[in-house]
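> As input, take coords06.tsv (TSV, C-alpha atoms and all ligand atoms):
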```tsv
chain	number	residue	atom	x	y	z
G	1	MET	CA	-73.99	-41.63	29.57
G	2	THR	CA	-75.33	-38.60	27.75
G	3	ASN	CA	-73.10	-35.79	26.52
G	4	GLU	CA	-73.62	-32.65	24.52
G	5	ALA	CA	-72.25	-32.56	21.02
G	6	SER	CA	-69.52	-30.17	20.01
G	7	SER	CA	-70.19	-28.64	16.60
G	8	ASP	CA	-66.73	-27.37	15.67
G	9	GLU	CA	-64.03	-29.37	13.90
G	10	THR	CA	-61.48	-29.28	16.70
G	11	ALA	CA	-62.99	-30.84	19.79
G	12	SER	CA	-60.94	-31.68	22.88
G	13	GLU	CA	-57.82	-33.83	23.05
G	14	PRO	CA	-58.46	-37.57	23.25
G	15	ALA	CA	-58.51	-39.03	26.75
G	16	GLU	CA	-55.54	-41.22	27.70
G	17	THR	CA	-57.66	-44.15	28.79
G	18	ALA	CA	-56.04	-47.52	29.40
G	19	PRO	CA	-57.03	-49.65	26.44
G	20	THR	CA	-58.99	-52.82	27.07
G	21	VAL	CA	-59.99	-55.27	24.39
G	22	GLY	CA	-62.61	-57.95	24.19
G	23	ALA	CA	-62.15	-61.58	23.28
G	24	GLY	CA	-62.78	-60.77	19.62
G	25	ALA	CA	-59.72	-58.55	19.48
G	26	ARG	CA	-56.59	-60.65	19.26
G	27	ALA	CA	-54.53	-57.64	20.08
G	28	PRO	CA	-50.78	-57.62	20.26
G	29	THR	CA	-50.99	-56.59	23.89
G	30	ASP	CA	-47.34	-55.89	24.72
G	31	HIS	CA	-47.60	-52.25	23.69
G	32	PRO	CA	-51.29	-51.29	23.61
G	33	LYS	CA	-51.79	-47.94	21.92
G	34	THR	CA	-53.83	-45.04	23.28
G	35	ALA	CA	-56.19	-42.86	21.26
G	36	SER	CA	-53.41	-40.23	21.09
G	37	ASP	CA	-50.97	-42.80	19.67
G	38	ILE	CA	-53.54	-43.70	17.01
G	39	ALA	CA	-54.10	-40.03	16.18
G	40	SER	CA	-50.33	-39.62	15.63
G	41	ILE	CA	-50.19	-42.63	13.33
G	42	TYR	CA	-53.02	-41.26	11.19
G	43	ALA	CA	-51.43	-37.80	11.14
G	44	ASP	CA	-48.57	-39.48	9.28
G	45	GLN	CA	-50.78	-41.66	7.07
G	46	ALA	CA	-53.57	-39.22	6.11
G	47	ASP	CA	-51.81	-37.88	3.03
G	48	THR	CA	-50.96	-41.32	1.62
G	49	MET	CA	-54.45	-42.63	2.37
G	50	GLU	CA	-56.01	-39.68	0.56
G	51	ARG	CA	-53.80	-40.22	-2.49
G	52	MET	CA	-54.58	-43.95	-2.49
G	53	ARG	CA	-58.33	-43.52	-2.08
G	54	TRP	CA	-58.88	-44.57	-5.70
G	55	LEU	CA	-57.41	-47.98	-4.83
G	56	ASP	CA	-59.44	-48.27	-1.63
G	57	ARG	CA	-62.57	-47.55	-3.70
G	58	LYS	CA	-61.64	-50.25	-6.19
G	59	LEU	CA	-61.07	-52.81	-3.42
G	60	THR	CA	-63.89	-51.96	-1.02
G	61	GLY	CA	-66.31	-49.75	-2.98
G	62	ARG	CA	-68.76	-52.54	-3.83
G	63	TYR	CA	-68.98	-53.56	-0.15
G	64	ARG	CA	-69.36	-49.97	1.03
G	65	ARG	CA	-72.15	-49.46	-1.54
G	66	ARG	CA	-73.99	-52.62	-0.42
G	67	GLN	CA	-73.59	-51.84	3.26
G	68	PHE	CA	-74.25	-48.12	3.33
G	69	GLY	CA	-76.24	-47.50	0.13
G	70	ASP	CA	-79.59	-47.55	1.92
G	71	ALA	CA	-78.56	-45.60	5.03
G	72	ALA	CA	-81.25	-43.08	5.89
G	73	GLY	CA	-81.99	-39.99	7.95
G	74	ARG	CA	-79.38	-38.47	10.24
G	75	VAL	CA	-76.26	-40.59	9.74
G	76	LEU	CA	-73.19	-40.74	11.99
G	77	ASP	CA	-70.01	-42.07	10.33
G	78	VAL	CA	-67.80	-43.11	13.28
G	79	ALA	CA	-64.07	-42.88	12.52
G	80	CYS	CA	-64.96	-41.49	9.11
G	81	GLY	CA	-61.28	-41.04	8.22
G	82	GLY	CA	-60.88	-39.25	4.90
G	83	GLY	CA	-64.56	-39.74	4.11
G	84	THR	CA	-64.33	-42.73	1.76
G	85	ASN	CA	-67.85	-43.79	2.82
G	86	PHE	CA	-69.41	-40.46	1.87
G	87	ALA	CA	-69.68	-41.22	-1.85
G	88	PHE	CA	-71.73	-44.33	-1.05
G	89	LEU	CA	-74.33	-42.64	1.18
G	90	PRO	CA	-77.60	-41.46	-0.38
G	91	VAL	CA	-77.53	-37.69	-0.96
G	92	SER	CA	-80.75	-37.44	1.06
G	93	THR	CA	-78.91	-38.35	4.27
G	94	ASP	CA	-77.94	-35.75	6.84
G	95	LEU	CA	-74.29	-36.59	7.40
G	96	VAL	CA	-72.12	-36.23	10.52
G	97	GLY	CA	-68.57	-37.63	10.53
G	98	VAL	CA	-66.31	-37.98	13.57
G	99	ASP	CA	-62.67	-39.01	13.79
G	100	ILE	CA	-59.79	-38.72	16.24
G	101	SER	CA	-57.40	-37.39	13.58
G	102	PRO	CA	-57.55	-33.74	12.46
G	103	GLU	CA	-55.55	-34.66	9.34
G	104	MET	CA	-58.07	-37.34	8.35
G	105	LEU	CA	-60.92	-34.89	9.01
G	106	ALA	CA	-59.26	-32.34	6.72
G	107	ALA	CA	-59.21	-34.98	3.98
G	108	ALA	CA	-62.87	-35.74	4.76
G	109	ARG	CA	-63.71	-32.06	4.30
G	110	ARG	CA	-62.02	-32.12	0.87
G	111	GLU	CA	-64.03	-35.22	-0.01
G	112	LEU	CA	-67.28	-33.45	0.93
G	113	ASP	CA	-66.24	-30.52	-1.27
G	114	ARG	CA	-65.40	-32.86	-4.14
G	115	LEU	CA	-68.80	-34.52	-3.81
G	116	ASP	CA	-70.47	-31.11	-3.42
G	117	ARG	CA	-72.19	-32.37	-0.25
G	118	ASP	CA	-72.98	-30.81	3.09
G	119	GLY	CA	-71.88	-32.50	6.27
G	120	GLU	CA	-70.68	-31.82	9.77
G	121	LEU	CA	-67.22	-33.07	10.74
G	122	VAL	CA	-66.10	-33.18	14.35
G	123	ARG	CA	-62.95	-34.35	16.06
G	124	MET	CA	-64.10	-36.87	18.62
G	125	ASP	CA	-63.07	-40.10	20.32
G	126	ALA	CA	-65.34	-42.94	19.19
G	127	GLN	CA	-65.05	-44.39	22.69
G	128	GLN	CA	-66.71	-41.31	24.20
G	129	LEU	CA	-69.13	-39.92	21.64
G	130	ALA	CA	-70.29	-36.45	22.66
G	131	TYR	CA	-73.87	-36.94	21.51
G	132	PRO	CA	-76.99	-37.61	23.54
G	133	ASP	CA	-78.59	-41.03	23.52
G	134	ASP	CA	-80.74	-41.87	20.46
G	135	SER	CA	-79.33	-39.03	18.30
G	136	PHE	CA	-78.98	-40.81	14.94
G	137	ASP	CA	-81.17	-42.81	12.57
G	138	THR	CA	-78.19	-44.72	11.19
G	139	VAL	CA	-74.72	-45.24	12.66
G	140	ILE	CA	-72.11	-46.48	10.22
G	141	SER	CA	-68.43	-47.30	10.55
G	142	ALA	CA	-65.87	-48.84	8.20
G	143	LEU	CA	-62.48	-50.46	8.84
G	144	SER	CA	-62.36	-48.89	12.27
G	145	THR	CA	-62.76	-51.36	15.14
G	146	CYS	CA	-59.26	-52.67	14.38
G	147	THR	CA	-57.79	-49.32	15.44
G	148	PHE	CA	-59.90	-48.40	18.47
G	149	PRO	CA	-57.95	-48.94	21.70
G	150	ASP	CA	-61.22	-50.17	23.22
G	151	PRO	CA	-63.41	-51.39	20.36
G	152	VAL	CA	-66.07	-52.76	22.71
G	153	ALA	CA	-66.52	-49.31	24.28
G	154	ALA	CA	-66.78	-47.73	20.82
G	155	LEU	CA	-69.41	-50.25	19.70
G	156	ARG	CA	-71.44	-49.61	22.86
G	157	GLU	CA	-71.25	-45.89	22.13
G	158	MET	CA	-72.54	-46.50	18.59
G	159	GLN	CA	-75.46	-48.40	20.12
G	160	ARG	CA	-76.14	-45.65	22.68
G	161	VAL	CA	-76.32	-42.81	20.14
G	162	CYS	CA	-78.42	-44.82	17.64
G	163	LYS	CA	-82.21	-44.55	17.92
G	164	PRO	CA	-83.86	-47.82	19.03
G	165	ASP	CA	-85.56	-48.10	15.63
G	166	GLY	CA	-82.37	-47.07	13.82
G	167	ARG	CA	-79.62	-49.17	12.23
G	168	ILE	CA	-75.96	-49.88	13.01
G	169	LEU	CA	-74.05	-50.78	9.83
G	170	LEU	CA	-70.42	-51.89	9.92
G	171	LEU	CA	-67.86	-52.87	7.30
G	172	GLU	CA	-64.86	-54.47	8.99
G	173	HIS	CA	-61.81	-56.52	8.23
G	174	GLY	CA	-60.28	-59.33	10.24
G	175	ARG	CA	-59.39	-62.99	10.28
G	176	SER	CA	-59.51	-65.06	7.11
G	177	ASP	CA	-61.33	-68.37	6.50
G	178	VAL	CA	-58.23	-69.59	4.68
G	179	GLY	CA	-55.67	-71.20	6.99
G	180	PRO	CA	-52.42	-69.95	5.41
G	181	ILE	CA	-53.75	-66.38	5.13
G	182	ASP	CA	-55.01	-66.50	8.70
G	183	ARG	CA	-51.64	-67.75	9.92
G	184	PHE	CA	-49.89	-64.97	7.98
G	185	LEU	CA	-52.14	-62.40	9.69
G	186	ASP	CA	-51.22	-63.86	13.07
G	187	TRP	CA	-47.52	-63.98	12.21
G	188	ARG	CA	-47.36	-60.33	11.14
G	189	ALA	CA	-49.96	-59.02	13.62
G	190	GLU	CA	-47.53	-57.45	16.06
G	191	ALA	CA	-45.44	-55.69	13.37
G	192	HIS	CA	-48.57	-54.47	11.60
G	193	TYR	CA	-50.01	-53.15	14.86
G	194	GLU	CA	-46.77	-51.35	15.75
G	195	LYS	CA	-46.63	-49.58	12.40
G	196	HIS	CA	-50.32	-48.96	11.64
G	197	GLY	CA	-52.09	-49.31	15.01
G	198	CYS	CA	-54.34	-51.89	13.33
G	199	ARG	CA	-55.19	-55.32	14.82
G	200	TRP	CA	-55.67	-57.13	11.54
G	201	ASN	CA	-56.16	-60.58	13.07
G	202	GLN	CA	-59.17	-59.73	15.21
G	203	ASP	CA	-62.67	-61.12	14.67
G	204	PRO	CA	-65.15	-58.23	14.21
G	205	VAL	CA	-68.21	-60.43	14.71
G	206	GLU	CA	-66.85	-61.59	18.07
G	207	LEU	CA	-66.23	-57.97	19.01
G	208	VAL	CA	-69.84	-57.05	18.26
G	209	ARG	CA	-70.93	-60.00	20.42
G	210	ASP	CA	-68.54	-58.91	23.20
G	211	ALA	CA	-70.13	-55.47	23.12
G	212	GLY	CA	-73.56	-57.06	23.60
G	213	LEU	CA	-75.00	-55.81	20.31
G	214	PRO	CA	-77.41	-58.35	18.80
G	215	LEU	CA	-76.40	-59.39	15.29
G	216	ILE	CA	-79.01	-58.89	12.58
G	217	ASP	CA	-77.04	-59.73	9.45
G	218	VAL	CA	-73.47	-60.87	8.70
G	219	HIS	CA	-71.93	-61.29	5.24
G	220	GLU	CA	-68.33	-62.32	4.66
G	221	HIS	CA	-66.31	-61.50	1.54
G	222	VAL	CA	-62.77	-61.84	0.19
G	223	LEU	CA	-61.86	-65.14	1.89
G	224	GLY	CA	-63.56	-63.98	5.09
G	225	ILE	CA	-61.31	-60.95	5.50
G	226	ILE	CA	-64.05	-58.38	4.81
G	227	THR	CA	-67.25	-58.61	6.85
G	228	ARG	CA	-70.45	-56.61	6.54
G	229	ILE	CA	-72.34	-56.54	9.81
G	230	GLU	CA	-75.70	-55.09	10.75
G	231	ALA	CA	-76.21	-54.97	14.51
G	232	SER	CA	-79.24	-53.98	16.51
G	233	PRO	CA	-79.23	-50.77	18.54
G	234	VAL	CA	-81.56	-52.47	21.03
G	235	ALA	CA	-79.70	-54.49	23.66
G	236	VAL	CA	-81.15	-57.84	24.69
G	237	ARG	CA	-82.22	-57.60	28.34
D	301	LIG	C1	-58.37	-47.44	8.61
D	301	LIG	S1	-59.01	-45.85	8.89
D	301	LIG	C2	-60.65	-46.02	8.22
D	301	LIG	C3	-61.23	-44.69	7.84
D	301	LIG	C4	-62.60	-44.74	7.15
D	301	LIG	N1	-63.62	-45.21	8.06
D	301	LIG	C5	-62.56	-45.59	5.93
D	301	LIG	O1	-63.29	-46.56	5.85
D	301	LIG	O2	-61.79	-45.27	5.02
D	301	LIG	C6	-59.31	-45.84	10.64
D	301	LIG	C7	-59.78	-44.49	11.15
D	301	LIG	O3	-60.15	-44.64	12.54
D	301	LIG	C8	-59.82	-43.44	13.19
D	301	LIG	N2	-59.78	-43.70	14.63
D	301	LIG	C9	-58.97	-44.55	15.28
D	301	LIG	N3	-59.22	-44.54	16.59
D	301	LIG	C10	-60.22	-43.65	16.78
D	301	LIG	C11	-60.95	-43.22	17.92
D	301	LIG	N4	-60.68	-43.69	19.15
D	301	LIG	N5	-61.92	-42.31	17.76
D	301	LIG	C12	-62.21	-41.82	16.52
D	301	LIG	N6	-61.55	-42.18	15.40
D	301	LIG	C13	-60.58	-43.10	15.53
D	301	LIG	C14	-58.47	-43.08	12.58
D	301	LIG	O4	-58.11	-41.74	12.81
D	301	LIG	C15	-58.73	-43.40	11.11
D	301	LIG	O5	-59.22	-42.28	10.42
```
So, in terms of structure tokens, how does the structure I just supplied come out?
Ligand SMILES: C[S@@+](CC[C@H](N)C(=O)[O-])C[C@H]1O[C@@H](n2cnc3c(N)ncnc32)[C@H](O)[C@@H]1O

Amino acid sequence: MTNEASSDETASEPAETAPTVGAGARAPTDHPKTASDIASIYADQADTMERMRWLDRKLTGRYRRRQFGDAAGRVLDVACGGGTNFAFLPVSTDLVGVDISPEMLAAARRELDRLDRDGELVRMDAQQLAYPDDSFDTVISALSTCTFPDPVAALREMQRVCKPDGRILLLEHGRSDVGPIDRFLDWRAEAHYEKHGCRWNQDPVELVRDAGLPLIDVHEHVLGIITRIEASPVAVR
């Protein structure tokens, strides 16, 4: 699929597609959320997330720096949220950020201003990226596959828009290596999903496999909860 990119900050409404999830997503499936549901949740959370960005940076900054610090060329940040990744990208990169939430994109614009950086921000559904094939040198995404109604579709879109000699760099959260923590995540998964639209007990590496993206590099941190993944944009035939 090849689409033309929209260059304004208010692209079309998200499609109400029926969510499907791969084996890596242990979704609470009783009430699967649509992209519009997720956009509403983040409309409510954008302000708090922007105010708490200092804490996010303290908790995840070192992993963002390691994962995205050598991104190069034209970079797409998928589900960029309030732009927490932007401070960790080299200033030489040509940055495009997309997100389903206008409120999160407004926070991302303020982050670009704070960093005194240029960048293009577009409202867009990660599951249907409006960019032609092979548009980006580097595709990055952080803490996002847990919220996509169809994370496998979104990962395949990242692969499609990434040049064959480009890089796909992910920073995700999910299951823990530690039994009691993992059981807690399972126990609270449904309530957490209802409130935040986040499947916090999914396995991001399994999702990448489900999407058919070859794994290049995987590093786990924080008792296995945080995972840095590099995947290949070239599908195995
Ligand atoms: C937990 S936040 C992470 C934001 C940012 N990547 C970060 O690391 O701080 C998840 C983000 O995914 C976005 N999102 C969820 N579903 C989306 C979709 N289908 N298309 C685009 N963005 C989506 C939300 O609006 C939200 O900004």
> Tell me, in Å to one decimal, how far atom CA of Val234 of chain G is from atom CA of Leu121 of chain G.
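Atom CA of Leu121 of chain G lies 26.2 Å from atom CA of Val234 of chain G.
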> Which residues are near ligand LIG 301 (chain D) - at most 9 Å, using all atoms listed in the file? Format: as a JSON list (two decimals) with C-alpha atoms, in the coordinates of the input.

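What follows is the written file out12.json:
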```json
[["chain", "number", "residue", "atom", "x", "y", "z"],
["G", 14, "PRO", "CA", -58.46, -37.57, 23.25],
["G", 34, "THR", "CA", -53.83, -45.04, 23.28],
["G", 35, "ALA", "CA", -56.19, -42.86, 21.26],
["G", 36, "SER", "CA", -53.41, -40.23, 21.09],
["G", 37, "ASP", "CA", -50.97, -42.80, 19.67],
["G", 38, "ILE", "CA", -53.54, -43.70, 17.01],
["G", 39, "ALA", "CA", -54.10, -40.03, 16.18],
["G", 40, "SER", "CA", -50.33, -39.62, 15.63],
["G", 41, "ILE", "CA", -50.19, -42.63, 13.33],
["G", 42, "TYR", "CA", -53.02, -41.26, 11.19],
["G", 43, "ALA", "CA", -51.43, -37.80, 11.14],
["G", 46, "ALA", "CA", -53.57, -39.22, 6.11],
["G", 49, "MET", "CA", -54.45, -42.63, 2.37],
["G", 53, "ARG", "CA", -58.33, -43.52, -2.08],
["G", 56, "ASP", "CA", -59.44, -48.27, -1.63],
["G", 60, "THR", "CA", -63.89, -51.96, -1.02],
["G", 64, "ARG", "CA", -69.36, -49.97, 1.03],
["G", 77, "ASP", "CA", -70.01, -42.07, 10.33],
["G", 78, "VAL", "CA", -67.80, -43.11, 13.28],
["G", 79, "ALA", "CA", -64.07, -42.88, 12.52],
["G", 80, "CYS", "CA", -64.96, -41.49, 9.11],
["G", 81, "GLY", "CA", -61.28, -41.04, 8.22],
["G", 82, "GLY", "CA", -60.88, -39.25, 4.90],
["G", 83, "GLY", "CA", -64.56, -39.74, 4.11],
["G", 84, "THR", "CA", -64.33, -42.73, 1.76],
["G", 85, "ASN", "CA", -67.85, -43.79, 2.82],
["G", 98, "VAL", "CA", -66.31, -37.98, 13.57],
["G", 99, "ASP", "CA", -62.67, -39.01, 13.79],
["G", 100, "ILE", "CA", -59.79, -38.72, 16.24],
["G", 101, "SER", "CA", -57.40, -37.39, 13.58],
["G", 102, "PRO", "CA", -57.55, -33.74, 12.46],
["G", 103, "GLU", "CA", -55.55, -34.66, 9.34],
["G", 104, "MET", "CA", -58.07, -37.34, 8.35],
["G", 105, "LEU", "CA", -60.92, -34.89, 9.01],
["G", 123, "ARG", "CA", -62.95, -34.35, 16.06],
["G", 124, "MET", "CA", -64.10, -36.87, 18.62],
["G", 125, "ASP", "CA", -63.07, -40.10, 20.32],
["G", 126, "ALA", "CA", -65.34, -42.94, 19.19],
["G", 127, "GLN", "CA", -65.05, -44.39, 22.69],
["G", 128, "GLN", "CA", -66.71, -41.31, 24.20],
["G", 129, "LEU", "CA", -69.13, -39.92, 21.64],
["G", 140, "ILE", "CA", -72.11, -46.48, 10.22],
["G", 141, "SER", "CA", -68.43, -47.30, 10.55],
["G", 142, "ALA", "CA", -65.87, -48.84, 8.20],
["G", 143, "LEU", "CA", -62.48, -50.46, 8.84],
["G", 144, "SER", "CA", -62.36, -48.89, 12.27],
["G", 145, "THR", "CA", -62.76, -51.36, 15.14],
["G", 146, "CYS", "CA", -59.26, -52.67, 14.38],
["G", 147, "THR", "CA", -57.79, -49.32, 15.44],
["G", 148, "PHE", "CA", -59.90, -48.40, 18.47],
["G", 149, "PRO", "CA", -57.95, -48.94, 21.70],
["G", 150, "ASP", "CA", -61.22, -50.17, 23.22],
["G", 151, "PRO", "CA", -63.41, -51.39, 20.36],
["G", 154, "ALA", "CA", -66.78, -47.73, 20.82],
["G", 171, "LEU", "CA", -67.86, -52.87, 7.30],
["G", 172, "GLU", "CA", -64.86, -54.47, 8.99],
["G", 196, "HIS", "CA", -50.32, -48.96, 11.64],
["G", 197, "GLY", "CA", -52.09, -49.31, 15.01],
["G", 198, "CYS", "CA", -54.34, -51.89, 13.33]]
```
> Counting all atoms listed in the file, which of G:Leu223, G:Val152, G:Ile181, G:Met158 gets nearest to Asp210 of chain G?
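Selected residue with least distance to Asp210 of chain G: G:Val152.
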> May I ask which of the residues G:Gly73, G:Pro214, G:Gly166, G:Pro204 is the closest one to Thr227 of chain G, counting only C-alpha atoms?
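For Thr227 of chain G, the nearest of the candidates is G:Pro204.
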> First collect every listed atom of segment 58-75 of chain G; then fit an axis-aligned box around them, widen it by 5 Å on each side, and give centre and edge lengths in Å to one decimal, as AutoDock Vina command-line options.

```
--center_x -71.5 --center_y -46.0 --center_z 2.0 --size_x 30.9 --size_y 25.1 --size_z 26.4
```
> Quick one: of G:Phe86, G:Leu115, G:Ala106, G:Lys33, who's nearest to Arg199 of chain G, counting all atoms listed in the file?
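Among the listed residues, the smallest separation from Arg199 of chain G belongs to G:Lys33.
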> By how many Å are atom CA of Val205 of chain G and atom CA of Tyr131 of chain G apart?
25.1 Å
> May I ask which of the residues G:Arg183, G:Arg51, G:Arg65, G:His192 is the closest one to Leu169 of chain G, counting all atoms listed in the file?
G:Arg65
> In Å, how far is it from atom CA of Pro180 of chain G to atom CA of His221 of chain G?
16.7 Å
> Hey, which of G:Ile226, G:Leu215, G:Ala189, G:Ala108 ends up closest to Gly61 of chain G? Count only C-alpha atoms.
G:Ile226
> Give me, as a PyMOL selection string, all polymer residues having an atom no more than 12 Å from Phe184 of chain G, counting only C-alpha atoms and skipping those fewer than 6 positions away in the same chain.
chain G and resi 175-176+178+190-192+200-201
> Report as a list in words all protein, DNA and RNA residues lying within 7 Å of Ser135 of chain G, evaluated on all atoms listed in the file, omitting residues in the same chain fewer than 5 positions from it.
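Contacts, with the query itself left out: Val161, Cys162 and Lys163 of chain G.
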> Find, counting all atoms listed in the file, the residue in G:Asp70, G:Asp116, G:Glu220, G:Asp134 that gets nearest to Gly174 of chain G.
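Once distances to Gly174 of chain G are computed over all atoms listed in the file, the minimum belongs to G:Glu220.
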